[in-house]
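Participant: Quick one: the structure is below, questions incoming.
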Amino acid sequence: MLNIADELHAWCRAARPFALATVVQVSGSAPLPVGTSLAVDGEGNAVGSVSGGCVEGAVYELCRHTLEADGPPAVRERFGYSDEDAFAMGLTCGGELEILVQRINPTTEPHLTTALAAVAADRPAAVARVVDGPPELLGRTLSVLGDDDTHHGTLGGDERQDRAAAARTRALLRAGSTARTDITNTTEPTAPCPDNLTLLVHTHAPPPRLLIFGAVDFTAALSRAGRFLGYRVTVCDARPVFATPARFPAADEVVTDWPHRYLAATEVDARTAICVLTHDAKFDVPLLRLALGLPVGYVGAMGSRRTHARRLELLREAGVPDDQLILLHSPIGLDLGAHTPEETAISITAEIIAHTHHAPARPLTHTSGPIHRPAPAAHPTPEEPRPIRQPT
């Protein structure tokens, strides 16, 4: 639903009821991910999408019916491929979508307006919705905002259930992951929940960070590519003559500091990508020694194979264990035959994308099966968020 947060926020502020259709489960080559929504108001205005066009008409009519009828406030419908009538109501890409459609009255769920306002202001927020469980709880929501220890709204069961759901929602918000999660009657062993529920947690977190160390020619191109992909880009170099905003206009910030000292003081998480482009041992070794011990998503370092071999020797001498060294992507990037800084930037960002989604980075021509793979599990896991570890 947060893909259309601005429009929904405007409807909520106007106390305008609407029907919300959300992708709650996908299989095969489904075109859009779990959490994507389409909404229809009482005047028939529609915003968003759930299928990229394949079944929009059928979902639109289901929204109109749900909004206008006196039936259940939430219904589920499955759309899949049909050999007999593939272009009528089926997904021509061959996948399957499960859609939850529910009536929403903003006046009875004011916490949604607050959560959508936070998203519209680019502040962290998450909304959890019941997508599987007792019929009377289907579609119920609660929300959490930023680091707030409280939750808003209720799933309609009891406070124990809400506490368990809020804790799981906060963990997914910290990981920046929109995902399904189960709340079982053993989630809180000392206070079991009365019902087993499946939640779809919609999250809006700050953009992931791309930390580029080394103010070199490749950095300018990588900054542009990273910004295009939605990263908040930081360029850091210890040399003030090279680390200037004028050289890297695409970066959100340019920092003059020793790389390892800056990394030790800055905030990172499981979505952070670190790219070390200096290939200078006096910068690389202390920086990578720290970076490889942090719970970040990707660490890569530029350099020839000879430079990489020597760098590994120095890191081992500095006490970096082998189970951390295998996390290092070096030489950095995929083998695309890149030569220019721009081509190299695409090579690096392609490797980051493939690593993030656990993809083999092979040409689709040479693969089989669904094109769209399931989203990777949230990291850190909702049950055990990993703290940021700083150097001692």
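Within each chain, counting starts at residue 1; across the structure tokens, chains are named A, B, ... in the order shown, with ligands numbered 1 upward in that order.
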Going by DSSP on the backbone, which residues of range 103-308 of chain A come out as strand (DSSP E or B)? List them as a ChimeraX atom specification.
Facilitator: /A:103-104,125-132,141-145,152-153,179-183,197-204,209-213,232-237,253-256,273-276,298-301
Participant: If we count only C-alpha atoms, what is near Asp257 in chain A at a cut-off of 9 Å, once residues fewer than 5 positions away on the same chain are taken out, given as JSON, numbers by chain?
Facilitator: {"A": [236, 237, 238, 239, 240, 262]}
Participant: Please dump the current selection as an mmCIF file, in the first residue's frame; keep C-alpha atoms.
Facilitator:
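The result, written out as selection-v6.cif:
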```
data_model
loop_
_atom_site.group_PDB
_atom_site.id
_atom_site.type_symbol
_atom_site.label_atom_id
_atom_site.label_comp_id
_atom_site.auth_asym_id
_atom_site.auth_seq_id
_atom_site.Cartn_x
_atom_site.Cartn_y
_atom_site.Cartn_z
ATOM 1 C CA CYS A 236 34.586 9.588 1.627
ATOM 2 C CA ASP A 237 38.290 10.237 1.120
ATOM 3 C CA ALA A 238 41.049 11.418 3.437
ATOM 4 C CA ARG A 239 42.427 13.851 0.845
ATOM 5 C CA PRO A 240 40.576 17.207 0.900
ATOM 6 C CA TYR A 262 34.325 7.646 9.190
#
```
Participant: Using DSSP on the backbone coordinates, identify all residues within range 182-320 of chain A classified as alpha helix (DSSP H); present the result as a count of residues only.
Facilitator: 43
Participant: With only C-alpha atoms as the basis for distance, which of A:Ile212, A:Leu173, A:Leu325, A:Ala121 is at the shortest distance from Ala309 in chain A?
Facilitator: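 Under the stated criterion, the closest residue is A:Leu325.
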Participant: Considering only C-alpha atoms, can you say which of A:Thr340, A:Thr107, A:Thr349, A:Thr307 comes closest to Gly230 in chain A?
Facilitator: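 The shortest atom-to-atom distance to Gly230 in chain A comes from A:Thr349.
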Participant: To one decimal place, how far is CA of Gln324 in chain A from CA of Val285 in chain A in Å?
Facilitator: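 CA of Gln324 in chain A sits 13.3 Å away from CA of Val285 in chain A.
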Participant: Between CA of His308 in chain A and CA of Pro286 in chain A, what is the distance in Å, rounded to a tenth?
Facilitator: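 Taking CA of His308 in chain A as the start and CA of Pro286 in chain A as the end point, the length is 14.8 Å.
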Participant: Quick one: pull the distance between CA of Thr203 in chain A and CA of Gln161 in chain A, Å, one decimal.
Facilitator: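 One can read the CA of Thr203 in chain A to CA of Gln161 in chain A distance as 19.5 Å.
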Participant: List the neighbours of Val101 in chain A out to 8 Å using only C-alpha atoms; skip same-chain residues closer than 2 positions along the sequence, and give me the result as JSON, numbers by chain.
Facilitator: {"A": [19, 20, 21, 22, 62, 63, 66, 74, 75, 76, 99, 103]}
Participant: Restrict the selected residues to N, CA and C atoms and save them as a PDB file, in the first residue's frame.
Facilitator:
```pdb
ATOM      1  N   ALA A  19     -11.589   1.293  -1.302  1.00  0.00           N
ATOM      2  CA  ALA A  19     -11.265  -0.131  -1.296  1.00  0.00           C
ATOM      3  C   ALA A  19      -9.804  -0.279  -1.685  1.00  0.00           C
ATOM      4  N   LEU A  20      -9.100  -1.101  -0.939  1.00  0.00           N
ATOM      5  CA  LEU A  20      -7.671  -1.291  -1.156  1.00  0.00           C
ATOM      6  C   LEU A  20      -7.418  -2.735  -1.558  1.00  0.00           C
ATOM      7  N   ALA A  21      -6.842  -2.923  -2.745  1.00  0.00           N
ATOM      8  CA  ALA A  21      -6.462  -4.253  -3.234  1.00  0.00           C
ATOM      9  C   ALA A  21      -4.950  -4.374  -3.148  1.00  0.00           C
ATOM     10  N   THR A  22      -4.478  -5.432  -2.487  1.00  0.00           N
ATOM     11  CA  THR A  22      -3.048  -5.586  -2.252  1.00  0.00           C
ATOM     12  C   THR A  22      -2.597  -6.991  -2.632  1.00  0.00           C
ATOM     13  N   LEU A  62     -13.660  -5.735  -8.604  1.00  0.00           N
ATOM     14  CA  LEU A  62     -13.754  -6.348  -7.281  1.00  0.00           C
ATOM     15  C   LEU A  62     -13.689  -5.274  -6.194  1.00  0.00           C
ATOM     16  N   CYS A  63     -12.856  -4.265  -6.398  1.00  0.00           N
ATOM     17  CA  CYS A  63     -12.781  -3.145  -5.449  1.00  0.00           C
ATOM     18  C   CYS A  63     -14.106  -2.394  -5.393  1.00  0.00           C
ATOM     19  N   THR A  66     -16.639  -4.520  -3.526  1.00  0.00           N
ATOM     20  CA  THR A  66     -16.355  -4.592  -2.091  1.00  0.00           C
ATOM     21  C   THR A  66     -16.698  -3.284  -1.394  1.00  0.00           C
ATOM     22  N   ALA A  74     -13.515  -7.562   3.911  1.00  0.00           N
ATOM     23  CA  ALA A  74     -12.286  -7.991   3.248  1.00  0.00           C
ATOM     24  C   ALA A  74     -12.518  -9.330   2.571  1.00  0.00           C
ATOM     25  N   VAL A  75     -12.024  -9.458   1.332  1.00  0.00           N
ATOM     26  CA  VAL A  75     -12.127 -10.704   0.577  1.00  0.00           C
ATOM     27  C   VAL A  75     -10.799 -10.988  -0.090  1.00  0.00           C
ATOM     28  N   ARG A  76     -10.550 -12.293  -0.360  1.00  0.00           N
ATOM     29  CA  ARG A  76      -9.332 -12.693  -1.060  1.00  0.00           C
ATOM     30  C   ARG A  76      -9.707 -13.337  -2.378  1.00  0.00           C
ATOM     31  N   ILE A  99      -4.815 -11.728  -4.110  1.00  0.00           N
ATOM     32  CA  ILE A  99      -5.148 -10.338  -3.834  1.00  0.00           C
ATOM     33  C   ILE A  99      -6.082 -10.271  -2.634  1.00  0.00           C
ATOM     34  N   ARG A 103     -12.444  -2.928   2.443  1.00  0.00           N
ATOM     35  CA  ARG A 103     -12.974  -1.574   2.608  1.00  0.00           C
ATOM     36  C   ARG A 103     -12.227  -0.887   3.733  1.00  0.00           C
TER      37      ARG A 103
END
```
Participant: If we count only C-alpha atoms and set the cut-off at 9 Å, which residues sit around range 343-345 of chain A, ignoring sequence neighbours fewer than 6 positions away in its own chain? Please answer as a PyMOL selection string.
Facilitator: chain A and resi 218-226+333-334+336-337
Participant: Quick one: write out the picked residues with all heavy atoms as a compact mmCIF listing (two decimals), in the first residue's frame?
Facilitator:
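In the end it all went to selection-v2.txt:
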```txt
# COMPACT_ATOMS: atom_id res chain seq x y z
N PHE A 218 36.28 6.69 -11.09
CA PHE A 218 35.18 5.73 -11.08
C PHE A 218 34.09 6.14 -10.07
O PHE A 218 32.93 5.75 -10.22
CB PHE A 218 35.71 4.34 -10.71
CG PHE A 218 36.62 3.76 -11.76
CD1 PHE A 218 38.00 3.85 -11.61
CD2 PHE A 218 36.11 3.14 -12.89
CE1 PHE A 218 38.85 3.32 -12.57
CE2 PHE A 218 36.95 2.61 -13.85
CZ PHE A 218 38.32 2.71 -13.70
N THR A 219 34.46 6.89 -9.07
CA THR A 219 33.52 7.26 -8.01
C THR A 219 32.39 8.13 -8.53
O THR A 219 31.23 7.98 -8.12
CB THR A 219 34.27 7.97 -6.87
OG1 THR A 219 35.28 7.09 -6.37
CG2 THR A 219 33.32 8.35 -5.75
N ALA A 220 32.70 9.05 -9.42
CA ALA A 220 31.66 9.93 -9.96
C ALA A 220 30.60 9.12 -10.69
O ALA A 220 29.39 9.35 -10.52
CB ALA A 220 32.28 10.97 -10.90
N ALA A 221 31.02 8.16 -11.52
CA ALA A 221 30.06 7.33 -12.26
C ALA A 221 29.27 6.43 -11.31
O ALA A 221 28.06 6.25 -11.47
CB ALA A 221 30.80 6.50 -13.30
N LEU A 222 29.95 5.86 -10.31
CA LEU A 222 29.26 4.99 -9.36
C LEU A 222 28.27 5.78 -8.51
O LEU A 222 27.19 5.28 -8.18
CB LEU A 222 30.28 4.28 -8.47
CG LEU A 222 29.72 3.26 -7.47
CD1 LEU A 222 28.88 2.20 -8.17
CD2 LEU A 222 30.85 2.62 -6.67
N SER A 223 28.60 7.02 -8.20
CA SER A 223 27.67 7.87 -7.45
C SER A 223 26.38 8.07 -8.24
O SER A 223 25.28 8.00 -7.70
CB SER A 223 28.30 9.23 -7.14
OG SER A 223 29.43 9.10 -6.32
N ARG A 224 26.53 8.34 -9.53
CA ARG A 224 25.34 8.55 -10.37
C ARG A 224 24.50 7.28 -10.46
O ARG A 224 23.27 7.31 -10.36
CB ARG A 224 25.76 9.00 -11.77
CG ARG A 224 26.38 10.39 -11.81
CD ARG A 224 26.47 10.93 -13.23
NE ARG A 224 27.36 10.14 -14.08
CZ ARG A 224 28.66 10.33 -14.19
NH1 ARG A 224 29.26 11.31 -13.51
NH2 ARG A 224 29.39 9.58 -15.00
N ALA A 225 25.16 6.14 -10.65
CA ALA A 225 24.43 4.87 -10.75
C ALA A 225 23.73 4.53 -9.44
O ALA A 225 22.59 4.07 -9.43
CB ALA A 225 25.39 3.75 -11.15
N GLY A 226 24.42 4.77 -8.33
CA GLY A 226 23.83 4.49 -7.03
C GLY A 226 22.63 5.36 -6.75
O GLY A 226 21.61 4.89 -6.24
N GLY A 333 32.68 -6.12 -8.84
CA GLY A 333 31.84 -6.06 -10.03
C GLY A 333 31.69 -7.37 -10.77
O GLY A 333 32.40 -8.36 -10.50
N LEU A 334 30.74 -7.40 -11.72
CA LEU A 334 30.53 -8.54 -12.59
C LEU A 334 31.38 -8.40 -13.85
O LEU A 334 31.74 -7.29 -14.26
CB LEU A 334 29.06 -8.65 -12.99
CG LEU A 334 28.04 -8.87 -11.88
CD1 LEU A 334 26.63 -9.01 -12.48
CD2 LEU A 334 28.38 -10.10 -11.05
N LEU A 336 31.46 -7.85 -17.12
CA LEU A 336 30.68 -7.36 -18.26
C LEU A 336 31.58 -6.86 -19.38
O LEU A 336 31.08 -6.33 -20.38
CB LEU A 336 29.77 -6.21 -17.81
CG LEU A 336 28.80 -6.48 -16.65
CD1 LEU A 336 27.96 -5.23 -16.39
CD2 LEU A 336 27.92 -7.67 -16.96
N GLY A 337 32.88 -7.01 -19.22
CA GLY A 337 33.81 -6.45 -20.19
C GLY A 337 33.91 -4.95 -20.09
O GLY A 337 34.23 -4.26 -21.07
```
Participant: Can you pull out the residues contacting Arg247 in chain A? Cut-off 9 Å, using only C-alpha atoms, and skip same-chain residues under 4 positions away; I want them as a list of chain:residue names.
Facilitator: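 Near neighbours after the sequence-gap exclusion: A:Ala215, A:Ala220, A:Phe242, A:Ala243.
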Participant: Measuring between only C-alpha atoms, which one of A:Pro124, A:Ala318, A:Arg362, A:Thr356 shows the shortest distance to Asp335 in chain A?
Facilitator: A:Arg362
